[in-house]
Structures are given as C-alpha cells and as structure tokens.
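The structure appears below as structure tokens.
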Amino acid sequence: MAGVLADSEARDSDAPDAGLSPAALERALAEEIRRSDTLARVTEAVASSTDIDTCVQVVIDGAREISGAAFGAFFYNQLEPDGESYALYRLSGAAPEAFADFPRVRKTALFAPTFENTGVVRSDDITQDPRYGLNAPREGMPEGHLPVRSYLALPVATRRGEVLGGLFFGHPLPGRFTARDETLLVGLGGQVAATIESIRLTAGAMAELTERRRAEERLKFALDAGGMGSWDLDVATHAYEASDLCKRNYGRAPEEPFTFADLIATLHPDDRPRVLAAIDSAIRDGADYDVEYRVVLPSGELRWLHARGRAAQTADDGGARRLAGVSLDITDRKRADERQKLLVNELNHRVKNSLATVQSIAAQTLRSSASPEFFREAFETRLIALSQTHDLLTRESWAGASLREVFDVELRAMAGEDRVTFAYEADVRLNPKAAVALGMGIHELATNAVKYGALSVPGGGVDVTWTVEEDILRMVWAERGGPPVTPPARRGFGARLLERGLAAELSGGVELNYDAEGLVCQMALPLRALEP
Amino acid sequence: MKTLSSLKVLVVEDEALVSMLVEDMLTDLGCAIVGPAAEIEEALRLAGSADIDAALLDVNLGGRPIFPVADALKARGVPFAFASGYGEAGLSDEHRGAAVLQKPFREADLRRVLEGLVGETA
C-alpha cells in the first residue's frame with residue numbers, strides 16, 4: 001500500500017457537521033464512510049493475521065490510510081543489545097533504509113509515555129512540544145530524520161499492562177492528526193495488542209504441542225526399540241488401550257480389536273489367577289504391578305510376557321482410577337532359563353551317576369584286593385581310566401567319541417602301547433555312555449595284558465581288529481607272544497565287567513577265551529547301543 | 001523285621017558299573033536278582049512276565065524314561081523303587097511320591113527301601 005496522503009479538508013475539524021456547506025458535509029460524510037470501511041477492513045485483517053509481522057504491517061498501513069499519516073512505524077518493546085534503544089519492527093510510508101543510518105529510538109522524555117504505557121502523545125507540531133529536544137547530544141531529531149511535525153504515538157499493551165511496543169505516526173506538516181484519529185488508532189492499537197498476544201499464545205501452545213509430540217515420539221521409539229508394548233486400563237469401565245507392540249505381544253495385529261476380556265482370555269489358564277490377583281493388588285493397594293506370565297496366542301503359540309505397571313490417578317475411595325504400564329515378550333529369556341535349569345539338572349544327574357560309578361569301582365576293587373596297597377593301586381588306575389574317557393568326551397562337548405580315540409586314551413602311557421596293532425576299515429562313533437563303558441573295559445584288558453598277558457614280556461603284542469556287519473560291531477582283542485595262559489581260578493572285576501556288565505549295558509555279547517597262545521576277547525555289539 | 005532273603009528283585013539299570021554294584025548289594029542282602037535289564041524292551045518283558053517280588057528301576061534308561069516299566073509293574077501289583085541321579089525331581093507327576101533311592105546310595109539305604117516295599121504288600 002503506497003502512502004496515501006489524505007484529503008486535508010476533512011481534517012480541519014473533529015466535528016464534520018459544525019457549520020459546513022452541504023457539499024463539505026457530504027464530502028466529510030463520504031470521508032467518514034471511507035475511514036469506517038478502512039477500519040473494518042484493517043480490523044478484519046488484523047484479527048485474521050497469524051504472524052506478528054503481517055499483523056503489524058497491516059495496522060501501520062491501515063492506520064496511515066485512516067489518519068493520513070505520511071509515516072508509520074512499530075517499535076518493539078525490546079531493548080537492543082546496547083540496553084537503551086528500541087528495535088524497529090515495521091515501517092510504512094518510508095523505506096527501511098531511511099532509518100538505517102541514524103541512531104535508534106531511545107526512551108527519551110518524548111518516547112517514555114509510549115513505552116511506559118502512560119498515555120498517548122499527540123502533537124500538532126512535535127518540534128514545539130516541551131518534551132522535544134531535551135536530550136543531549138542531539139536535542140531534536142537527528143540529521144537526516146524523516147521530516148516530522150505532526151506526531152502521534154500510542155502504546156501497544158496487553159490488558160494486563162504488558163507493553164508490547166509502540167505505534168508511531170508522523171507527517172511533515174503540522175496539525176494533521178485529530179482527536180478522532182487518535183480514538184480510532186487507539187482502538188487499532190488495542191486490537192494489535194490482542195492479536196499479538198493471541199499469536200504468541202498460539203505459538204506457545206504450538207511449541208508445547210510440538211515438544212509433547214517429540215517427547216511422545218521419543219517414548220514410542222524407546223518402547224519400540226526395547227520391544228515394549230504399552231497399555232492403559234480404566235479400572236471402573238475396564239476400557240483397555242494397547243499399543244501396536246502390546247497387541248503384537250498378545251498375537252494381535254494393530255488393526256484388530258483387543259479388549260481387557262480378550263487379554264484375560266489370552267492368559268494361560270494356570271497363570272490367570274496370579275495375574276488377576278496382581279492387577280487387583282495394584283489397583284487396591286497401589287502395589288507395583290510386576291508379573292511374568294504365559295499367554296496362549298490365537299495361533300496356539302505359547303509365549304512368556306513380563307508386564308510392569310502402576311496405578312495412576314487416585315479415585316475418591318483411595319483406589320486407582322487407571323492402571324498403566326508396559327509389557328515385554330520374555331520368551332527367549334525364559335527358554336534360556338529353562339535350558340539352563342535343564343543343564344544344571346543334567347549335570348547333577350551325571351555327577352551323581354559318576355559318584356555311583358566310583359562307588360562301584362571302589363566296592364569291587366576292594367572285594368578283589370588282597371591288601372590295601374593293591375587296592376590303592378588298582379582303584380587309582382581305574383579312576384584315572386574313567387577320568388581319561390571323561391576328558392576325551394569333554395573335548396568333544398560330550399557329543400561322543402570314536403572307538404579308536406577311546407583305545408588311544410586308555411592305552412596312552414601304558415608299557416607296550418606300541419605293540420598294540422589295529423586293523424579296521426572304518427572307525428565307529430560312540431555315544432558318551434558307550435565310550436565310558438568301553439573305555440573301562442579296554443582299560444581292564446590293557447592292564448591285565450601289561451601285568452599278566454602279552455604286554456608283560458618284550459616279545460608279546462596285541463592285535464585289535466573290528467568290522468561292522470549288519471549293524472553289529474564285531475571287535476577282537478587278541479594277545480600273542482605272551483606267557484602261557486591259564487584260565488583264572490576266580491573271575492576278577494575286569495572279567496565280570498566285560499562279560500556281564502558291558503555285555504548287558506551295550507545289549508550285546510562279550511566273550512573271554514583263555515587260549516594257550518594268548519587271551520582273546522570277542523565283542524559283538526549292536527550299533528544302536530553305541531551310536532550317538 | 002521283614003526278611004529280604006530270597007526276595008526276587010528285578011534290576012533295571014543301564015550302567016554296567018552301577019548295575020554290578022546293585023547286584024552285589026542285593027546278593028549281600030540275600031536277594032535273588034532278576035535281570036539286570038539295560039534296555040526298556042527287556043525291562044518291559046521282565047516286568048510283565050517274570051516271577052518277581054520287587055523291582056529297582058533306574059529312571060533314565062539311555063535317555064528313555066522308565067515310566068512305562070513302572071506302569072506295567074503297578075498294573076501287576078509289584079512294588080518298586082526308583083534309583084536316580086536326579087532324585088525325586090526326576091520323577092513324572094503320576095509317580096511322584098514313589099520310593100526313590102538317590103544315587104549314590106548305601107546298602108543300608110537299599111535294604112530300608114526294599115523292606116518298605118515288601119511291607120507294603122505284606
């Protein structure tokens with residue numbers, strides 16, 4: 001809007017009907033209508049503006065149009081960094097450059113009433129105002145200032161008295177602003193204040209809303225990242241709200257309905273009473289709701305959930321109005337816990353079985369021992385034989401071992417170890433139990449050979465051969481070149497273990513033949529009892 | 001006190017060394033041993049038809065639970081006790097409360113349990 005210099009004839013008096021000609025009255029009326037129209041238009045524009053820049057510009061442009069001011073400006077009630085001058089906010093009727101080169105408005109005697117909200121300053125000739133030119137060093141308008149004689153300044157303040165800024169209007173000629181102008185412009189100033197305040201409130205609310213949205217997004221992100229669903233139960237109505245992830249924990253798609261009754265129905269029947277009791281307790285006593293339970297999803301799948309929550313909003317009777325919290329799928333952790341428990345149980349079982357095995361070795365070694373020294377020697381070597389098989393199995397994580405490996409660990413470091421020959425087409429995999437049993441049997445054979453048999457003399461040796469036919473392992477331990485063999489008068493521990501124990505445990509047959517040229521042990525063991 | 005003399009005891013145990021120990025203990029107590037069985041099939045056969053007064057059952061037979069054998073004995077009215085490294089925790093729900101020997105056990109423990117079993121049927 002270009003600067004409109006209003007018709008000065010209409011400005012001569014505040015009362016258009018005071019003894020004027022009909023033509024002048026008509027002009028005055030037309031002028032009054034024009035100003036009313038302008039006022040209505042400006043008022044409308046101010047009210048509908050959504051940013052302070054637009055609002056202020058509309059007002060100073062409109063006010064100039066109404067008052068016939070040559071210049072209009074809005075100074076913000078905000079001190080510049082120098083601490084004493086005010087920031088020019090908007091300008092009308094002159095280019096901003098007109099103000100660029102000279103010092104800013106200060107709270108001088110002339111400007112103070114505006115910024116302190118003590119009243120309107122209207123002057124027909126400001127240069128004649130007693131407050132004008134009192135301020136050193138300039139004592140008047142600075143050089144190059146827009147030429148102002150007529151002057152109108154009004155504060156823009158909220159209803160609570162907060163001064164937002166000031167509206168300033170000027171004209172190079174004296175006597176341009178009437179009391180009527182002042183009234184209209186004061187009204188506009190009030191609207192500007194109200195609009196600026198409203199825009200600020202809206203901006204504040206928007207900022208708060210944005211901040212809340214961000215916080216909510218952060219929370220959602222954290223919940224999602226943690227795999228946590230969130231939920232909220234209305235205690236009185238049992239209305240239940242669940243996040244998408246919460247629904248997923250119960251096997252529901254985001255768009256599927258999921259009520260509190262659905263939740264109860266999804267709980268594993270064995271866990272239901274416990275969960276309901278925990279909910280009751282949280283509602284009644286304000287106890288922390290913290291419970292782990294199983295759910296049976298619509299697909300039939302069983303999952304473990306961990307829910308935590310707290311009563312929110314206390315009702316009149318002291319109970320809770322709402323119960324809110326999070327739920328987390330802990331199935332993997334629970335399964336790991338169960339595996340762990342199983343492993344510990346299994347370990348305990350194995351240890352107890354091993355102790356029973358050791359007990360058996362001790363009891364039977366004692367039965368066949370002539371003296372404590374003999375007992376100790378025999379018991380210790382048997383214990384170590386057992387331990388060596390355990391070591392072998394531990395190296396393979398108790399998945400099993402091969403027959404040759406078992407031979408190797410049991411023969412290791414025995415005298416004549418190098419005089420044991422092997423002949424077989426393929427090695428045989430053994431489960432841990434078979435490995436332990438065969439290890440013990442091989443130990444007994446080897447010990448006997450070293451003490452009394454083929455390995456007790458330099459020229460003797462042992463041939464170990466095995467074949468697998470029709471799922472049966474046939475193994476032969478044949479001693480040769482040893483001292484002449486005679487069957488023992490009494491069967492010892494080794495013979496009993498091999499012929500009775502091993503045969504029974506491995507569901508096969510074991511035969512000891514005391515041939516004259518050397519002991520022969522033949523085994524026929526079904527693979528089903530051996531294989532892992 | 002009940003005598004265990006010539007009591008016919010079915011032994012089901014899949015570990016040779018443990019089985020030998022139990023056999024020795026039972027022999028010392030004057031019992032006659034039936035078995036020992038190291039496999040479920042053999043154990044079931046003996047439990048169903050052998051002439052037995054009582055049974056001692058290893059809970060885990062090469063990874064397979066012994067409970068079908070226990071059920072067969074129950075059906076015949078033959079008293080039995082479990083022997084297990086797991087203790088009572090290794091029992092299935094329907095056999096909870098049955099006599100259990102926690103491995104390793106002493107001969108005196110075995111005697112006490114057997115006397116209890118024989119007392120039940122006396």
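If you're wondering about the labels, chains in the structure tokens are A, B, ... by order shown, residues count from 1 in each chain, ligands from 1 in order shown.
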Taking only C-alpha atoms into account, which residues of chain A are within 6 Å of chain B, as a PyMOL selection string? chain A and resi 349+352-353+356-357+360+501-502+505
Could you give me, as number ranges by chain, the residues within 12 Å of Ala72 in chain B, counting only C-alpha atoms and dropping anything in the same chain fewer than 3 positions from it? B: 40-41, 43-50, 55, 66-69, 75-80
Which of range 336-424 of chain A counts as alpha helix (DSSP H) under DSSP, as number ranges by chain please? A: 336-367, 372-395, 403-411
List the spatial neighbours of Thr27 in chain B as number ranges by chain - criterion: any atom at most 12 Å away, only C-alpha atoms, same-chain residues fewer than 4 positions off excluded. B: 4-9, 11, 20-23, 31-34, 107, 110-111
Residues just named, written with N, CA and C atoms as a compact mmCIF listing (two decimals), in the first residue's frame:
```
# COMPACT_ATOMS: atom_id res chain seq x y z
N LEU B 4 14.59 -110.16 53.78
CA LEU B 4 14.69 -109.96 52.34
C LEU B 4 15.22 -111.22 51.67
N SER B 5 15.41 -112.22 52.48
CA SER B 5 16.02 -113.45 51.98
C SER B 5 15.20 -114.05 50.84
N SER B 6 15.90 -114.35 49.77
CA SER B 6 15.35 -114.97 48.55
C SER B 6 14.24 -114.13 47.90
N LEU B 7 14.25 -112.84 48.24
CA LEU B 7 13.32 -111.93 47.56
C LEU B 7 13.81 -111.79 46.12
N LYS B 8 12.89 -111.94 45.16
CA LYS B 8 13.30 -111.85 43.75
C LYS B 8 13.14 -110.41 43.28
N VAL B 9 14.28 -109.78 43.00
CA VAL B 9 14.26 -108.35 42.67
C VAL B 9 14.69 -108.11 41.22
N VAL B 11 16.17 -105.89 38.51
CA VAL B 11 17.06 -104.73 38.46
C VAL B 11 17.05 -104.17 37.04
N MET B 20 26.44 -103.54 38.48
CA MET B 20 27.23 -104.53 39.22
C MET B 20 27.21 -104.25 40.71
N LEU B 21 27.26 -102.97 41.06
CA LEU B 21 27.23 -102.57 42.47
C LEU B 21 25.91 -103.00 43.10
N VAL B 22 24.79 -102.71 42.38
CA VAL B 22 23.47 -103.03 42.91
C VAL B 22 23.32 -104.55 43.05
N GLU B 23 23.82 -105.27 42.07
CA GLU B 23 23.75 -106.73 42.14
C GLU B 23 24.49 -107.23 43.38
N CYS B 31 19.05 -111.40 48.39
CA CYS B 31 18.02 -111.38 47.35
C CYS B 31 18.48 -112.14 46.11
N ALA B 32 17.50 -112.55 45.31
CA ALA B 32 17.80 -113.15 44.00
C ALA B 32 17.58 -112.08 42.95
N ILE B 33 18.53 -112.00 42.01
CA ILE B 33 18.44 -110.92 41.02
C ILE B 33 17.74 -111.39 39.75
N VAL B 34 16.80 -110.61 39.31
CA VAL B 34 16.16 -110.85 38.02
C VAL B 34 16.66 -109.76 37.09
N GLU B 107 24.21 -99.61 50.98
CA GLU B 107 23.49 -100.88 51.04
C GLU B 107 22.35 -100.78 52.06
N LEU B 110 19.37 -99.22 50.54
CA LEU B 110 18.68 -100.15 49.66
C LEU B 110 17.84 -101.12 50.51
N ARG B 111 18.43 -101.57 51.60
CA ARG B 111 17.71 -102.51 52.47
C ARG B 111 16.43 -101.86 53.02
```
Residues within 12 Å of range 392-408 of chain A, only C-alpha atoms, excluding chain neighbours under 4 positions, as an NGL selection string: :A and (347 or 350 or 385-388 or 412-414 or 417-418 or 420-446 or 464-467 or 473 or 475 or 477 or 527 or 530-532)
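One finds CA of Glu241 in chain A at 12.5 Å from CA of Glu255 in chain A.
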State, in Å with one decimal place, the distance from CA of Ile126 in chain A to CA of Gln191 in chain A. 26.2 Å
Give me the residues within 9 Å of Ala94 in chain A as a list in words, counting only C-alpha atoms and dropping any in the same chain fewer than 6 places off. Gly3, Ala70, Phe71, Gly72 and Leu146 of chain A
Output C-alpha atoms for every residue in that selection, as a PDB file, in the first residue's frame.
```
ATOM      1  CA  GLY A   3       1.459   6.178   1.217  1.00  0.00           C
ATOM      2  CA  ALA A  70       2.968  10.114   5.986  1.00  0.00           C
ATOM      3  CA  PHE A  71       4.963   7.641   8.008  1.00  0.00           C
ATOM      4  CA  GLY A  72       4.121   4.894  10.410  1.00  0.00           C
ATOM      5  CA  LEU A 146      12.184  11.805   8.234  1.00  0.00           C
TER       6      LEU A 146
END
```
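Going from CA of Ala278 in chain A to CA of Ile264 in chain A covers 12.8 Å.
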